[in-house]
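Engineer: Structure file input04.cif (mmCIF, C-alpha atoms and all ligand atoms) is given on the next line.
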```cif
data_entry
#
loop_
_atom_site.label_atom_id
_atom_site.label_comp_id
_atom_site.auth_asym_id
_atom_site.auth_seq_id
_atom_site.Cartn_x
_atom_site.Cartn_y
_atom_site.Cartn_z
CA MET A 1 0.00 0.00 0.00
CA LEU A 2 1.19 3.51 -0.74
CA LEU A 3 -0.96 4.95 2.00
CA GLU A 4 -3.10 3.63 4.76
CA VAL A 5 -5.50 5.57 6.96
CA LYS A 6 -7.28 4.02 9.93
CA ASN A 7 -10.01 5.40 12.13
CA LEU A 8 -9.29 9.05 11.39
CA TYR A 9 -11.19 11.66 13.40
CA LYS A 10 -11.24 15.41 12.88
CA SER A 11 -13.43 18.04 14.47
CA TYR A 12 -13.44 21.83 14.60
CA GLN A 13 -14.17 23.87 17.67
CA LEU A 14 -16.42 26.80 16.84
CA GLY A 15 -17.16 28.82 19.99
CA GLN A 16 -18.89 26.40 22.38
CA ASN A 17 -19.68 23.90 19.66
CA LYS A 18 -17.60 21.00 18.53
CA ILE A 19 -18.30 20.14 14.89
CA SER A 20 -17.35 16.57 14.06
CA ILE A 21 -16.25 16.26 10.45
CA LEU A 22 -14.28 13.04 10.00
CA GLN A 23 -15.59 10.25 12.23
CA GLY A 24 -13.61 7.13 11.62
CA VAL A 25 -12.29 7.34 8.06
CA ASP A 26 -10.55 4.19 6.80
CA LEU A 27 -8.74 4.24 3.47
CA SER A 28 -6.12 2.06 1.85
CA VAL A 29 -4.62 3.10 -1.46
CA ALA A 30 -2.27 0.89 -3.44
CA GLU A 31 0.64 2.32 -5.40
CA GLY A 32 -0.62 3.43 -8.83
CA GLU A 33 -4.32 3.44 -7.95
CA PHE A 34 -6.66 6.13 -9.27
CA ILE A 35 -9.42 6.88 -6.75
CA SER A 36 -12.17 9.44 -6.69
CA ILE A 37 -14.00 10.75 -3.65
CA MET A 38 -17.51 12.15 -3.86
CA GLY A 39 -19.82 13.51 -1.19
CA THR A 40 -22.02 16.46 -0.31
CA SER A 41 -20.59 19.93 0.21
CA GLY A 42 -19.26 20.25 3.74
CA SER A 43 -18.89 16.50 4.26
CA GLY A 44 -15.14 16.76 4.85
CA LYS A 45 -13.52 15.88 1.52
CA SER A 46 -11.09 18.81 1.48
CA THR A 47 -10.37 18.26 5.18
CA LEU A 48 -9.36 14.68 4.41
CA LEU A 49 -7.16 15.69 1.44
CA HIS A 50 -5.38 18.27 3.60
CA ILE A 51 -4.60 15.58 6.17
CA LEU A 52 -3.43 13.15 3.46
CA GLY A 53 -1.18 15.90 2.09
CA GLY A 54 0.35 16.51 5.52
CA LEU A 55 -1.05 20.05 5.69
CA ASP A 56 -3.37 19.35 8.60
CA THR A 57 -3.41 16.86 11.46
CA PRO A 58 -6.33 14.73 12.65
CA ASP A 59 -7.53 14.56 16.28
CA LYS A 60 -6.81 10.85 16.28
CA GLY A 61 -6.20 7.96 13.95
CA VAL A 62 -3.38 6.35 12.02
CA TYR A 63 -1.87 7.60 8.78
CA THR A 64 0.96 5.74 7.08
CA PHE A 65 2.40 7.08 3.83
CA SER A 66 5.06 5.07 2.04
CA THR A 67 5.76 3.15 5.31
CA LYS A 68 6.26 6.38 7.27
CA ASN A 69 4.02 7.34 10.16
CA MET A 70 2.96 10.75 8.86
CA LEU A 71 1.51 11.82 12.20
CA SER A 72 4.75 11.46 14.13
CA LEU A 73 7.15 13.07 11.64
CA SER A 74 8.79 16.40 12.36
CA ASP A 75 7.60 19.42 10.38
CA THR A 76 10.82 19.29 8.36
CA GLU A 77 10.36 15.65 7.44
CA ARG A 78 6.71 16.21 6.53
CA SER A 79 7.61 19.22 4.38
CA TRP A 80 10.24 17.19 2.58
CA ILE A 81 7.73 14.44 1.77
CA ARG A 82 5.22 17.01 0.62
CA ALA A 83 7.69 18.76 -1.63
CA HIS A 84 9.12 15.64 -3.25
CA TRP A 85 6.39 13.03 -3.26
CA ILE A 86 3.03 14.78 -3.17
CA GLY A 87 1.45 17.08 -5.73
CA PHE A 88 -1.50 19.05 -4.36
CA VAL A 89 -4.19 20.74 -6.47
CA PHE A 90 -6.09 22.95 -4.03
CA GLN A 91 -9.76 23.78 -4.47
CA THR A 92 -8.73 27.44 -4.10
CA PHE A 93 -5.68 27.01 -6.44
CA ASP A 94 -3.43 28.84 -3.90
CA LEU A 95 -1.34 30.63 -6.52
CA LEU A 96 1.00 33.43 -5.47
CA PRO A 97 -0.29 36.65 -7.06
CA GLU A 98 3.11 38.27 -7.55
CA LEU A 99 4.56 35.34 -9.51
CA ASP A 100 3.89 34.53 -13.16
CA VAL A 101 2.88 31.08 -14.40
CA VAL A 102 6.49 29.87 -14.61
CA GLY A 103 7.17 31.17 -11.07
CA ASN A 104 4.10 29.50 -9.60
CA VAL A 105 4.78 26.17 -11.27
CA SER A 106 8.42 26.37 -10.04
CA LEU A 107 7.39 26.75 -6.39
CA PRO A 108 7.69 23.09 -5.40
CA PHE A 109 11.29 23.13 -6.65
CA LEU A 110 12.33 25.75 -4.13
CA TYR A 111 13.13 22.78 -1.93
CA ASN A 112 15.60 21.49 -4.50
CA ARG A 113 17.39 23.76 -6.94
CA ALA A 114 14.74 25.78 -8.73
CA ASP A 115 17.18 26.81 -11.43
CA SER A 116 18.65 23.43 -12.22
CA GLU A 117 18.38 22.51 -15.89
CA GLN A 118 16.21 19.52 -15.10
CA SER A 119 13.69 21.44 -13.00
CA VAL A 120 13.41 24.21 -15.59
CA GLU A 121 12.60 21.58 -18.18
CA GLN A 122 10.06 19.84 -15.93
CA VAL A 123 8.35 23.17 -15.24
CA GLU A 124 8.10 24.03 -18.95
CA ARG A 125 6.84 20.55 -19.79
CA ALA A 126 4.14 20.73 -17.09
CA ILE A 127 3.00 24.13 -18.40
CA GLU A 128 2.85 22.71 -21.90
CA LYS A 129 0.86 19.70 -20.75
CA VAL A 130 -1.94 21.90 -19.40
CA GLY A 131 -1.87 24.01 -22.57
CA LEU A 132 -0.58 27.26 -21.08
CA THR A 133 2.73 27.86 -22.82
CA HIS A 134 1.28 30.99 -24.45
CA ARG A 135 0.41 32.34 -20.99
CA ARG A 136 3.65 31.39 -19.25
CA LEU A 137 4.57 34.96 -18.25
CA HIS A 138 1.10 35.97 -17.04
CA ARG A 139 0.37 36.50 -13.37
CA PRO A 140 -2.74 34.95 -11.75
CA LEU A 141 -4.78 38.16 -12.07
CA GLU A 142 -4.03 38.15 -15.79
CA LEU A 143 -5.51 34.65 -16.18
CA SER A 144 -9.03 33.25 -16.35
CA GLY A 145 -10.37 30.99 -13.57
CA GLY A 146 -9.90 27.88 -15.70
CA GLU A 147 -6.35 28.94 -16.59
CA MET A 148 -5.52 29.45 -12.89
CA GLN A 149 -6.84 25.99 -12.21
CA ARG A 150 -4.57 24.58 -14.92
CA VAL A 151 -1.57 26.41 -13.41
CA ALA A 152 -2.38 24.73 -10.08
CA ILE A 153 -2.47 21.38 -11.87
CA ALA A 154 0.83 22.04 -13.67
CA ARG A 155 2.43 22.91 -10.32
CA ALA A 156 1.23 19.60 -8.87
CA LEU A 157 2.60 17.63 -11.84
CA ALA A 158 5.91 19.37 -12.25
CA VAL A 159 7.83 17.50 -9.54
CA GLN A 160 6.55 14.16 -10.90
CA PRO A 161 5.19 13.15 -7.49
CA LYS A 162 4.27 9.64 -6.32
CA LEU A 163 0.85 10.89 -5.23
CA ILE A 164 -1.43 13.55 -6.67
CA LEU A 165 -4.17 14.92 -4.42
CA ALA A 166 -6.60 16.88 -6.57
CA ASP A 167 -9.50 18.81 -5.05
CA GLU A 168 -12.11 19.39 -7.76
CA PRO A 169 -9.48 19.64 -10.52
CA THR A 170 -12.12 20.19 -13.20
CA GLY A 171 -14.51 22.27 -11.09
CA ASN A 172 -14.04 25.49 -13.06
CA LEU A 173 -13.25 24.09 -16.48
CA ASP A 174 -15.40 23.80 -19.60
CA SER A 175 -15.82 20.36 -21.14
CA LYS A 176 -12.88 20.76 -23.52
CA ASN A 177 -10.41 21.74 -20.79
CA SER A 178 -11.86 19.18 -18.36
CA GLN A 179 -11.14 16.55 -20.97
CA ILE A 180 -7.54 17.78 -21.35
CA ILE A 181 -7.02 17.46 -17.58
CA LEU A 182 -8.72 14.08 -17.35
CA ASN A 183 -6.60 12.77 -20.24
CA LEU A 184 -3.55 14.06 -18.42
CA PHE A 185 -4.58 12.27 -15.21
CA GLN A 186 -5.22 9.10 -17.18
CA GLU A 187 -1.73 9.38 -18.71
CA LEU A 188 -0.16 9.92 -15.26
CA HIS A 189 -2.12 6.98 -13.89
CA LEU A 190 -0.87 4.74 -16.71
CA ALA A 191 2.67 5.89 -15.93
CA GLY A 192 2.21 4.66 -12.34
CA THR A 193 1.25 7.82 -10.43
CA THR A 194 -1.24 7.36 -7.60
CA ILE A 195 -4.16 9.80 -7.82
CA ILE A 196 -6.83 10.73 -5.30
CA MET A 197 -9.34 13.13 -6.81
CA VAL A 198 -12.32 14.84 -5.22
CA THR A 199 -15.14 15.60 -7.63
CA HIS A 200 -18.86 16.40 -7.64
CA ASP A 201 -19.22 15.11 -11.19
CA GLU A 202 -20.08 11.44 -11.68
CA LYS A 203 -18.79 11.51 -15.25
CA VAL A 204 -15.42 12.73 -13.97
CA ALA A 205 -15.39 10.11 -11.20
CA ALA A 206 -16.11 7.42 -13.80
CA ILE A 207 -12.60 7.67 -15.26
CA SER A 208 -11.08 6.53 -11.94
CA GLU A 209 -10.79 2.90 -10.92
CA ARG A 210 -12.70 3.22 -7.66
CA THR A 211 -15.16 5.79 -6.32
CA LEU A 212 -15.61 6.30 -2.58
CA HIS A 213 -18.34 8.34 -0.94
CA MET A 214 -17.96 10.52 2.14
CA ASN A 215 -21.02 9.78 4.22
CA ASP A 216 -21.66 10.72 7.86
CA GLY A 217 -17.97 11.32 8.44
CA TRP A 218 -16.57 8.18 6.91
CA LEU A 219 -15.76 6.73 3.52
CA GLN A 220 -17.70 3.90 1.94
N1 LIG B 301 -11.05 25.95 10.05
C1 LIG B 301 -12.33 25.55 10.21
N2 LIG B 301 -13.02 25.88 11.32
C2 LIG B 301 -14.30 25.46 11.48
N3 LIG B 301 -14.97 24.70 10.60
C3 LIG B 301 -14.33 24.34 9.48
C4 LIG B 301 -12.98 24.76 9.22
N4 LIG B 301 -12.61 24.24 8.02
C5 LIG B 301 -13.68 23.55 7.56
N5 LIG B 301 -14.72 23.62 8.43
C6 LIG B 301 -16.02 22.96 8.28
O1 LIG B 301 -15.78 21.58 8.07
C7 LIG B 301 -16.74 21.05 7.16
C8 LIG B 301 -16.00 20.26 6.10
O2 LIG B 301 -15.29 21.16 5.25
P1 LIG B 301 -14.59 20.66 3.92
O3 LIG B 301 -13.98 21.84 3.30
O4 LIG B 301 -13.72 19.51 4.23
O5 LIG B 301 -15.85 20.15 3.07
P2 LIG B 301 -15.92 19.59 1.57
O6 LIG B 301 -16.50 18.21 1.64
O7 LIG B 301 -14.60 19.74 0.93
O8 LIG B 301 -16.98 20.57 0.90
P3 LIG B 301 -17.04 21.17 -0.61
O9 LIG B 301 -17.58 20.06 -1.46
O10 LIG B 301 -18.00 22.30 -0.49
O11 LIG B 301 -15.67 21.61 -0.99
C9 LIG B 301 -17.54 22.23 6.64
O12 LIG B 301 -18.81 22.19 7.23
C10 LIG B 301 -16.76 23.43 7.06
O13 LIG B 301 -17.62 24.49 7.38
MG MG B 302 -13.88 20.94 -0.56
#
```
Write the structure described by the file as structure tokens, please.

Structural biologist:
Amino acid sequence: MLLEVKNLYKSYQLGQNKISILQGVDLSVAEGEFISIMGTSGSGKSTLLHILGGLDTPDKGVYTFSTKNMLSLSDTERSWIRAHWIGFVFQTFDLLPELDVVGNVSLPFLYNRADSEQSVEQVERAIEKVGLTHRRLHRPLELSGGEMQRVAIARALAVQPKLILADEPTGNLDSKNSQIILNLFQELHLAGTTIIMVTHDEKVAAISERTLHMNDGWLQ
């Protein structure tokens, strides 16, 4: 298994109220699998992806990624894993407004050598794959919503990660661009990349091998 989650719990404290979001999530994902997660808005899908990406911690549970206990690693170790092995497509894109497309897609390489010949080539190839070479020097505010989404996807691909966590990767795209992204995911999947994708669209989920549903705080 590439990753294994057992009995994961997560709640948020809002004033006096405790809101339980994840209530015993179990998930095992084999290396190379392509999984989609569906579920109503607010059911905890993004919360789960953030935990899987090492950006958030659960209240309790077990999370093993590539034989490492993700919940007991130091921040430095977790950051290293995130930078080298995990590509994250956020629902909010999370692009830096002052950087152009090339700069944003290069961000994950800051951990390595951003200017090495190999990383420059990987960045340009990722930008080309999402069809944005003609916009490579534009900043986020000079891009459309769908283009920003594709920059976020290029950034996730550029490091050639073991695992891609994609939160609604086609949420803002028209059918032509959705198809480009789904073809790209299919290609990555065939090349052995593990993909976990959140989507509201059953047609999008259908291209994955397995669809899980977030229901009452757990996956089924
Ligand atoms: N920092 C926070 N503090 C309090 N509540 C939060 C916080 N972050 C998320 N929540 C709540 O947790 C619940 C789950 O949020 P999450 O973003 O995981 O849902 P989701 O399944 O991704 O929804 P969507 O499909 O709309 O993206 C929501 O009800 C949200 O309001
Ligand atoms: Mg969400």

Engineer: Give the residue list for ligand MG 302 (chain B) at 12 Å, counting all atoms listed in the file, as a list in words, sorted by chain and then by residue number.

Structural biologist: Ile37, Met38, Gly39, Thr40, Ser41, Gly42, Ser43, Gly44, Lys45, Ser46, Thr47, Leu48, Leu49, His50, Val89, Phe90, Gln91, Thr92, Phe93, Ala166, Asp167, Glu168, Pro169, Gly171, Met197, Val198, Thr199, His200 and Met214 of chain A

Engineer: Between atom CA of A:Asp75 and atom CA of A:Leu55, what is the spacing in Å?

Structural biologist: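 Interatomic distance here is 9.9 Å.
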
Engineer: Please indicate the distance in Å from atom CA of A:Ser116 to atom CA of A:Leu184, rounded to one decimal place.

Structural biologist: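 Computing the Euclidean distance for atom CA of A:Ser116 and atom CA of A:Leu184 yields 24.9 Å.
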
Engineer: Out of A:Lys68, A:Leu157, A:Ile127, A:Leu163, which residue has the shortest atom-to-atom distance to A:Arg82 when counting only C-alpha atoms?

Structural biologist: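 Of A:Lys68, A:Leu157, A:Ile127, A:Leu163, the one nearest A:Arg82 is A:Leu163, counting only C-alpha atoms.
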
Engineer: Between atom CA of A:Lys10 and atom C9 of ligand LIG 301 (chain B), what distance in Å does the model show, to one decimal?

Structural biologist: 11.2 Å

Engineer: Can you tell me, as a list in words, which residues sit within 9 Å of (-13.9, 19.0, 14.1) in the file's frame, using only C-alpha atoms?

Structural biologist: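 It turns out the residues near that spot are Tyr9, Lys10, Ser11, Tyr12, Gln13, Leu14, Lys18, Ile19, Ser20, Ile21, Leu22, Pro58 and Asp59 of chain A.
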
Engineer: Counting only C-alpha atoms, which of A:Leu52, A:Ala191, A:Met1, A:Met70 gets nearest to A:Glu31?

Structural biologist: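 Smallest distance to A:Glu31 is found for A:Met1.
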